[in-house]
Number of protein chains: 2
Amino acid sequence: MLQGLCNGEPADTLALNDRALHYGDGVFETMHAHAGRVPLLARHLARLQLGCERLGIDVPEQRLLVREITSLAALPEVGVIKLIVSRGGGPRGYRPTPAEPTRLLLAYEASPLAPACYRAGIALAWCKIRLGLNPRLAGIKHLNRLEQVLAQGELSQTGCEEGLMCDADGRLVCATAANVFARFGAVLATPDLSRCGVAGVARQWLLDECPAEFTIEVRDMLPEELEKADEVFLSNSLRGLLPVASVGERRWPVGAAVRALQPRFSALGIGVEAGA
Amino acid sequence: MLQGLCNGEPADTLALNDRALHYGDGVFETMHAHAGRVPLLARHLARLQLGCERLGIDVPEQRLLVREITSLAALPEVGVIKLIVSRGGGPRGYRPTPAEPTRLLLAYEASPLAPACYRAGIALAWCKIRLGLNPRLAGIKHLNRLEQVLAQGELSQTGCEEGLMCDADGRLVCATAANVFARFGAVLATPDLSRCGVAGVARQWLLDECPAEFTIEVRDMLPEELEKADEVFLSNSLRGLLPVASVGERRWPVGAAVRALQPRFSALGIGVEAGA
């Protein structure tokens with residue numbers, strides 16, 4: 001970590017009564033920072049606001065957040081900024097007593113993927129751990145992330161950096177830290193996230209800004225359907241769009257959609273063009 | 001909070017790179033402390049160990065934990081000790097990289113219930129939020145507790161201190177911070193916790209030590225079955241056994257099981273006898 005701010009003050013620690021520590025009672029955003037700019041910042045702040053509202057946490061003032069985020073983005077070497085908003089400090093017990101939210105901003109160096117990942121795609125594994133269903137927590141980026149941690153723990157035995165996760169009913173949901181798209185002809189299908197999963201900012205950008213040559217469908221999808229796709233790719237607001245070269249035994253060449261869409265993300269300052 | 005220890009040193013803050021804060025990547029125990037003693041300590045440490053093993057976190061040495069817990073239990077005014085073990089500090093990202101676990105011990109004053117709660121019972125509400133199913137996380141007391149926080153948030157509108165929670169499939173699981181038992185004649189039924197919920201230390205004591213006049217059944221139970229019970233009570237290792245006077249519109253008198261079992265918990269130093 002290059003720099004930390006807690007409620008606007010330089011900090012490297014958090015009070016022991018904070019509810020983020022005790023219950024994961026808060027939300028977060030992880031943002032790409034590039035030459036003093038933060039691509040998709042408004043979308044990150046919109047999702048943060050949705051998450052705070054869903055949990056009943058007061059949303060920090062937007063101008064304050066923008067000022068603090070952009071001040072960190074201007075520091076040398078900063079490539080990633082993480083914002084955590086917790087319900088704040090409080091007495092022992094689950095009850096969400098009114099509190100002044102805690103606002104943490106953490107600046108890190110970038111950890112870019114090798115350009116070959118963008119050009120040739122990455123290998124994914126299927127994760128065994130399932131995502132529990134909870135519509136009240138679905139879509140938002142809250143701090144209860146043990147399912148993703150355990151999924152990543154499984155991957156360390158496979159040699160894959162990323163894996164696909166299904167929900168408790170066996171439907172495809174997402175990768176551990178990315179959303180997934182499957183192309184069928186001119187249709188880009190991505191899982192419905194109303195029961196579990198994180199609705200990524202890059203995914204939402206695609207839903208809103210996708211060029212007319214593709215039609216987007218948000219729908220349920222089983223693993224065996226994904227394996228029939230013409231092309232699969234991942235979206236992530238730090239990494240942009242990544243072709244999927246394989247999931248387990250199934251292999252794909254880099255496809256038309258990711259080649260067409262990668263430059264749109266590069267233009268935002270995220271990721272690398274397929275031809276780079 | 002009266003006193004905090006982080007890895008054995010007096011502390012009131014936690015490092016900002018700790019994975020408990022970022023992902024709820026850890027487990028906890030909340031223990032009753034009474035005149036320098038900690039009832040059910042061995043059971044608390046056994047559950048902590050199970051949780052660490054399930055998450056792949058190195059278990060702190062038991063003698064060290066016992067020494068630190070009993071040192072806090074001997075301090076004036078201490079009534080509750082909370083132990084948190086997280087995977088420790090680490091770089092950004094879900095991947096559970098090997099780390100030195102963080103060991104937090106927090107001492108609090110007791111917050112006892114009014115004796116009338118033990119004599120006459122407490123009123124419960126049904127919580128609307130459901131518990132997501134995840135066998136890998138079920139039973140252990142991990143730090144991902146947003147479902148319980150949101151359930152407690154619902155209760156603040158009902159006037160009830162506690163509420164009953166069901167899983168995503170509609171089966172009864174537990175209260176927000178207690179396990180639940182329903183008596184049918186001489187049978188004490190308590191929900192199976194292999195898909196979600198926390199397997200409480202007081203519940204386990206009952207499963208192991210229940211007097212021969214009662215038979216315990218661990219099984220699935222629907223809300224409508226609970227409502228047909230002759231008696232309902234809650235178990236919690238801080239509060240002991242609490243009669244349930246009502247759940248929504250359904251009312252019960254204080255029953256034979258809780259009257260017979262409360263003195264067993266009082267003898268451990270937990271809770272209050274029905275006649276107190």
# chains A, B, ... in the order shown; residues from 1 in each chain; ligands from 1

$ interface_residues --of "chain B" --to "chain A" --cutoff "8 Å" --atoms "only C-alpha atoms" --output "tab-separated table (two decimals) with C-alpha atoms, in the first residue's frame"
chain	number	residue	atom	x	y	z
B	1	MET	CA	-14.37	-1.77	24.87
B	4	GLY	CA	-7.74	-4.76	23.31
B	12	ASP	CA	-6.88	-0.16	19.85
B	13	THR	CA	-6.32	-0.31	16.10
B	14	LEU	CA	-5.74	-2.85	13.31
B	15	ALA	CA	-3.42	-2.53	10.27
B	16	LEU	CA	-5.25	-1.37	7.12
B	17	ASN	CA	-3.99	-4.33	5.10
B	20	ALA	CA	-10.62	-9.22	8.19
B	21	LEU	CA	-11.33	-5.65	7.13
B	22	HIS	CA	-11.20	-6.26	3.37
B	23	TYR	CA	-13.03	-9.59	3.01
B	24	GLY	CA	-14.21	-10.72	6.47
B	25	ASP	CA	-11.49	-13.35	6.04
B	55	LEU	CA	-10.88	-21.45	5.86
B	91	PRO	CA	-1.51	-7.73	-0.64
B	94	TYR	CA	-9.02	-12.24	-2.87
B	95	ARG	CA	-6.24	-14.83	-3.21
B	96	PRO	CA	-5.52	-16.21	0.28
B	129	ILE	CA	-34.12	-11.64	5.08
B	130	ARG	CA	-33.10	-15.20	4.23
B	131	LEU	CA	-29.80	-16.95	4.87
B	132	GLY	CA	-27.94	-17.98	1.69
B	133	LEU	CA	-26.93	-21.65	1.53
B	134	ASN	CA	-23.25	-22.50	1.59
B	136	ARG	CA	-18.50	-24.71	3.06
B	143	LEU	CA	-16.68	-12.77	9.91
B	144	ASN	CA	-19.16	-12.46	7.00
B	145	ARG	CA	-22.21	-11.40	8.99
B	146	LEU	CA	-24.18	-8.99	6.83
B	148	GLN	CA	-27.40	-11.06	10.63
B	149	VAL	CA	-26.79	-7.29	10.56
B	150	LEU	CA	-29.65	-6.76	8.09
B	152	GLN	CA	-31.19	-7.04	13.26
B	153	GLY	CA	-31.90	-3.90	11.24
B	168	ALA	CA	-33.23	-19.39	1.09
B	177	ALA	CA	-27.47	-14.37	17.61

$ select_by_dssp --residues "region 189-275 of chain B" --states "alpha helix (DSSP H)" --output "list in words"
Val201, Ala202, Arg203, Gln204, Trp205, Leu206, Leu207, Asp208, Glu209, Pro223, Glu224, Glu225, Leu226, Ala256, Ala257, Val258, Arg259, Ala260, Leu261, Gln262, Pro263, Arg264, Phe265, Ser266, Ala267 and Leu268 of chain B

$ select_by_dssp --residues "region 28-248 of chain B" --states "strand (DSSP E)" --output "PyMOL selection string"
chain B and resi 28-32+78-86+102-109+122-126+162-166+172-175+179-184+187-191+215-219+231-236+240-247

$ closest_residue --among "A:Lys128, A:Arg63, A:Arg239, A:Lys141" --to "Leu50 (chain A)" --atoms "only C-alpha atoms"
A:Lys141

$ residues_around --residues "Gln204 (chain B)" --least-positions-apart "3" --cutoff "12 Å" --atoms "only C-alpha atoms" --output "VMD selection string"
chain B and resid 40 42 to 44 46 to 47 139 178 to 181 190 192 to 193 198 to 201 207 to 210 216 218 235 to 237

$ residues_around --residues "Ala256 (chain B)" --least-positions-apart "4" --cutoff "12 Å" --atoms "only C-alpha atoms" --output "PyMOL selection string"
chain B and resi 182-188+213-214+230-233+243+252+260-262+274

$ write_last_selection --atoms "all heavy atoms" --output "compact mmCIF listing (two decimals), in the first residue's frame"
# COMPACT_ATOMS: atom_id res chain seq x y z
N ALA B 182 -37.08 -26.41 19.71
CA ALA B 182 -38.53 -26.54 19.81
C ALA B 182 -38.84 -27.88 20.47
O ALA B 182 -38.34 -28.92 20.02
CB ALA B 182 -39.15 -26.49 18.42
N ARG B 183 -39.63 -27.85 21.55
CA ARG B 183 -39.96 -29.11 22.23
C ARG B 183 -41.29 -29.65 21.73
O ARG B 183 -42.27 -28.92 21.66
CB ARG B 183 -40.02 -28.90 23.75
CG ARG B 183 -40.33 -30.21 24.52
CD ARG B 183 -40.27 -30.02 26.02
NE ARG B 183 -41.29 -29.10 26.51
CZ ARG B 183 -42.59 -29.42 26.71
NH1 ARG B 183 -43.04 -30.63 26.44
NH2 ARG B 183 -43.43 -28.51 27.17
N PHE B 184 -41.27 -30.94 21.37
CA PHE B 184 -42.50 -31.67 21.01
C PHE B 184 -42.57 -32.84 21.98
O PHE B 184 -41.85 -33.82 21.81
CB PHE B 184 -42.42 -32.17 19.57
CG PHE B 184 -42.24 -31.07 18.54
CD1 PHE B 184 -40.98 -30.66 18.15
CD2 PHE B 184 -43.36 -30.43 17.99
CE1 PHE B 184 -40.82 -29.65 17.22
CE2 PHE B 184 -43.20 -29.42 17.06
CZ PHE B 184 -41.93 -29.02 16.67
N GLY B 185 -43.37 -32.76 23.03
CA GLY B 185 -43.36 -33.80 24.07
C GLY B 185 -42.01 -33.83 24.74
O GLY B 185 -41.54 -32.81 25.26
N ALA B 186 -41.35 -35.00 24.68
CA ALA B 186 -40.02 -35.13 25.30
C ALA B 186 -38.89 -34.97 24.28
O ALA B 186 -37.73 -35.19 24.60
CB ALA B 186 -39.90 -36.48 26.00
N VAL B 187 -39.25 -34.56 23.06
CA VAL B 187 -38.23 -34.39 22.01
C VAL B 187 -37.88 -32.91 21.88
O VAL B 187 -38.77 -32.06 21.73
CB VAL B 187 -38.75 -34.94 20.67
CG1 VAL B 187 -37.79 -34.58 19.53
CG2 VAL B 187 -38.94 -36.45 20.75
N LEU B 188 -36.59 -32.62 21.93
CA LEU B 188 -36.10 -31.26 21.66
C LEU B 188 -35.53 -31.25 20.25
O LEU B 188 -34.50 -31.88 19.99
CB LEU B 188 -35.02 -30.86 22.66
CG LEU B 188 -35.40 -30.88 24.14
CD1 LEU B 188 -34.21 -30.42 24.99
CD2 LEU B 188 -36.60 -29.96 24.39
N GLU B 213 -34.02 -37.30 30.26
CA GLU B 213 -35.48 -37.13 30.13
C GLU B 213 -35.88 -36.53 28.79
O GLU B 213 -37.05 -36.60 28.41
CB GLU B 213 -36.00 -36.28 31.29
CG GLU B 213 -35.49 -34.85 31.27
CD GLU B 213 -35.52 -34.16 32.64
OE1 GLU B 213 -36.55 -33.56 32.99
OE2 GLU B 213 -34.49 -34.23 33.34
N PHE B 214 -34.93 -35.93 28.07
CA PHE B 214 -35.23 -35.38 26.74
C PHE B 214 -34.41 -36.10 25.66
O PHE B 214 -33.29 -36.53 25.91
CB PHE B 214 -34.90 -33.88 26.68
CG PHE B 214 -35.67 -33.06 27.68
CD1 PHE B 214 -35.03 -32.54 28.80
CD2 PHE B 214 -37.03 -32.83 27.51
CE1 PHE B 214 -35.75 -31.79 29.73
CE2 PHE B 214 -37.75 -32.09 28.44
CZ PHE B 214 -37.11 -31.57 29.55
N ASP B 230 -44.63 -27.48 21.57
CA ASP B 230 -45.17 -27.27 22.92
C ASP B 230 -44.42 -26.15 23.64
O ASP B 230 -44.94 -25.58 24.60
CB ASP B 230 -45.02 -28.56 23.73
CG ASP B 230 -45.77 -29.72 23.09
OD1 ASP B 230 -46.93 -29.50 22.67
OD2 ASP B 230 -45.21 -30.82 22.99
N GLU B 231 -43.21 -25.88 23.17
CA GLU B 231 -42.34 -24.94 23.87
C GLU B 231 -41.21 -24.57 22.93
O GLU B 231 -40.78 -25.41 22.12
CB GLU B 231 -41.76 -25.63 25.12
CG GLU B 231 -40.67 -24.89 25.83
CD GLU B 231 -40.09 -25.68 27.01
OE1 GLU B 231 -40.50 -26.85 27.21
OE2 GLU B 231 -39.23 -25.13 27.70
N VAL B 232 -40.75 -23.33 23.00
CA VAL B 232 -39.62 -22.90 22.17
C VAL B 232 -38.64 -22.15 23.07
O VAL B 232 -39.05 -21.39 23.94
CB VAL B 232 -40.09 -21.99 21.00
CG1 VAL B 232 -38.90 -21.48 20.19
CG2 VAL B 232 -41.06 -22.74 20.09
N PHE B 233 -37.35 -22.39 22.88
CA PHE B 233 -36.36 -21.60 23.62
C PHE B 233 -35.12 -21.39 22.78
O PHE B 233 -34.90 -22.07 21.77
CB PHE B 233 -36.02 -22.21 24.98
CG PHE B 233 -35.41 -23.58 24.96
CD1 PHE B 233 -34.03 -23.75 24.95
CD2 PHE B 233 -36.21 -24.72 24.96
CE1 PHE B 233 -33.47 -25.01 24.94
CE2 PHE B 233 -35.65 -25.99 24.95
CZ PHE B 233 -34.28 -26.14 24.94
N PRO B 243 -36.44 -18.63 27.44
CA PRO B 243 -37.75 -19.06 26.95
C PRO B 243 -38.24 -18.09 25.88
O PRO B 243 -37.98 -16.89 25.96
CB PRO B 243 -38.66 -18.97 28.18
CG PRO B 243 -37.79 -18.65 29.34
CD PRO B 243 -36.49 -18.14 28.82
N TRP B 252 -46.51 -18.80 23.77
CA TRP B 252 -46.26 -20.01 24.56
C TRP B 252 -46.05 -19.62 26.03
O TRP B 252 -45.44 -18.58 26.30
CB TRP B 252 -44.97 -20.72 24.13
CG TRP B 252 -44.99 -21.42 22.82
CD1 TRP B 252 -45.39 -22.70 22.57
CD2 TRP B 252 -44.56 -20.90 21.55
NE1 TRP B 252 -45.22 -23.01 21.23
CE2 TRP B 252 -44.72 -21.93 20.59
CE3 TRP B 252 -44.05 -19.67 21.12
CZ2 TRP B 252 -44.39 -21.76 19.24
CZ3 TRP B 252 -43.72 -19.50 19.80
CH2 TRP B 252 -43.90 -20.53 18.87
N ALA B 260 -36.11 -26.97 33.23
CA ALA B 260 -35.19 -28.04 33.68
C ALA B 260 -33.74 -27.73 33.31
O ALA B 260 -32.82 -28.11 34.04
CB ALA B 260 -35.61 -29.36 33.04
N LEU B 261 -33.55 -27.04 32.18
CA LEU B 261 -32.18 -26.88 31.67
C LEU B 261 -31.51 -25.59 32.11
O LEU B 261 -30.28 -25.51 32.18
CB LEU B 261 -32.19 -26.98 30.14
CG LEU B 261 -32.61 -28.35 29.60
CD1 LEU B 261 -32.87 -28.30 28.10
CD2 LEU B 261 -31.55 -29.40 29.91
N GLN B 262 -32.32 -24.54 32.39
CA GLN B 262 -31.70 -23.27 32.80
C GLN B 262 -30.73 -23.43 33.97
O GLN B 262 -29.63 -22.85 33.94
CB GLN B 262 -32.77 -22.22 33.13
CG GLN B 262 -33.22 -21.42 31.92
CD GLN B 262 -34.28 -20.39 32.28
OE1 GLN B 262 -35.03 -20.57 33.25
NE2 GLN B 262 -34.34 -19.33 31.50
N ALA B 274 -34.53 -19.69 36.06
CA ALA B 274 -35.91 -19.27 35.84
C ALA B 274 -36.52 -18.69 37.11
O ALA B 274 -37.32 -17.75 37.06
CB ALA B 274 -36.74 -20.45 35.36

$ atom_distance --atom1 "CA of Val254 (chain A)" --atom2 "CA of Gly269 (chain A)"
21.4 Å

$ atom_distance --atom1 "CA of Gly89 (chain A)" --atom2 "CA of Ile69 (chain A)"
22.5 Å

$ residues_around --residues "Leu242 (chain B)" --least-positions-apart "5" --cutoff "8 Å" --atoms "only C-alpha atoms" --output "count of residues only"
8

$ atom_distance --atom1 "CA of Leu65 (chain A)" --atom2 "CA of Phe265 (chain A)"
23.8 Å

$ closest_residue --among "B:Gly248, B:Pro115, B:Gly36, B:Gly255" --to "Glu68 (chain B)" --atoms "only C-alpha atoms"
B:Gly36
